[in-house]
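Q: Below you will find the structure I want to go over with you.
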Amino acid sequence: MKEINRLQASWGAWSKTDLITTGTTVTVASAVSGSTITAIRGDSLSAALEDIGSLVGYSKVYFTVKGDKADADTSAIIQIEKTVGLKYINGAAATTAANGSITINDEATGDITVALDEAETAKLSPGGYQYDVQVVRMAGTVSTLTEGTFNVSADVTRAVT
């Protein structure tokens, strides 16, 4: 109890319940924080990106992750296209397109959810990468709507079966 009181005094006003868990439920923070997406290797990824810009009139929407922005798309760590699914993983053509997807939640504001199956995140090397979301419109214009950092954290447990 003295330790809790010392921590409260040094870190600000906490209630004692801030340090108590109930049951066995753990809530994991969103995969997105600001412009940073964090994936845990071997876990399913669902990253909600909101208010990135209008997607009205799109013909294609790309989510691409690269180690170096100058790399060719065929060398991408991850590339998902809205109408195709997962195109590239670790610089190779994806074998299961359905393992990656982009869902448009609000076309006008540009709310999307990027999903990647755990079988695909298991193939990623821990580290820091760059990502962007690019839209190709039916009129032929191309716009990068957002970009940021894509971090892959190593998982602790590797065998789950």
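Letters A, B, ... mark the chains of the structure tokens in the order given; residue numbers begin at 1 per chain; ligand numbers begin at 1, in order shown.
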I'd like the contact shell of Ile77 (chain A) - 10 Å cut-off, only C-alpha atoms, skipping same-chain residues fewer than 5 positions apart - returned as JSON, numbers by chain.
A: {"A": [64, 65, 66, 67, 68, 71, 88, 89, 90, 91, 92, 123, 124, 125, 129, 130, 131]}
Q: Pull the strand (DSSP E or B) assignments for region 41-155 of chain A out of DSSP run on the backbone, and list those residues as number ranges by chain.
A: A: 45-49, 58-66, 78-81, 85-89, 92-93, 100-106, 111-116, 127-137, 142-153
Q: Using only C-alpha atoms, find each residue in region 35-111 of chain A having at least one atom no more than 6 Å away from region 143-148 of chain A; report its shortest atom-to-atom pair and that distance in Å (one decimal), rows by chain then rising number, as a Markdown table.
A:
```
| residue | atom | partner | partner_atom | distance |
| --- | --- | --- | --- | --- |
| A:Ser35 | CA | A:Gly148 | CA | 4.9 |
| A:Thr36 | CA | A:Gly148 | CA | 5.7 |
| A:Ile52 | CA | A:Leu145 | CA | 5.6 |
| A:Gly53 | CA | A:Leu145 | CA | 5.9 |
```
Q: Please produce a file of the residues just selected, as an mmCIF file, in the first residue's frame, where the atoms kept are C-alpha atoms.
A:
```cif
data_model
loop_
_atom_site.group_PDB
_atom_site.id
_atom_site.type_symbol
_atom_site.label_atom_id
_atom_site.label_comp_id
_atom_site.auth_asym_id
_atom_site.auth_seq_id
_atom_site.Cartn_x
_atom_site.Cartn_y
_atom_site.Cartn_z
ATOM 1 C CA SER A 35 0.076 7.873 -37.967
ATOM 2 C CA THR A 36 1.772 4.770 -36.529
ATOM 3 C CA ILE A 52 -7.713 10.137 -44.374
ATOM 4 C CA GLY A 53 -9.509 11.949 -47.212
#
```
Q: Hey, which of A:Gly57, A:Gly34, A:Gly85, A:Gly42 ends up closest to Gly100 (chain A)? Count only C-alpha atoms.
A: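 Nearest candidate to Gly100 (chain A) out of A:Gly57, A:Gly34, A:Gly85, A:Gly42: A:Gly85.
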Q: Counting only C-alpha atoms, what is within 6 Å of Phe63 (chain A), bar same-chain residues fewer than 2 positions away, as a VMD selection string?
A: chain A and resid 79 to 80 132 to 133
Q: When you count only C-alpha atoms, which of these residues is closest to Val32 (chain A): A:Gln134, A:Thr141, A:Thr113, A:Ser54?
A: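 Checking each of A:Gln134, A:Thr141, A:Thr113, A:Ser54 against Val32 (chain A), counting only C-alpha atoms, the winner is A:Thr113.
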Q: As a ChimeraX atom specification, please: every residue in region 26-145 of chain A that DSSP puts in helix (DSSP H, G or I).
A: /A:73-75,97-99,118-121
Q: Kindly indicate which residue among A:Thr38, A:Asn99, A:Ser59, A:Thr109 lies nearest to Ala154 (chain A), using only C-alpha atoms for the distances.
A: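 Going through A:Thr38, A:Asn99, A:Ser59, A:Thr109 one by one, the smallest distance to Ala154 (chain A) is for A:Thr38.
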Q: Rounded to one decimal, what separation in Å do you get between CA of Asp106 (chain A) and CA of Ala76 (chain A)?
A: 26.5 Å
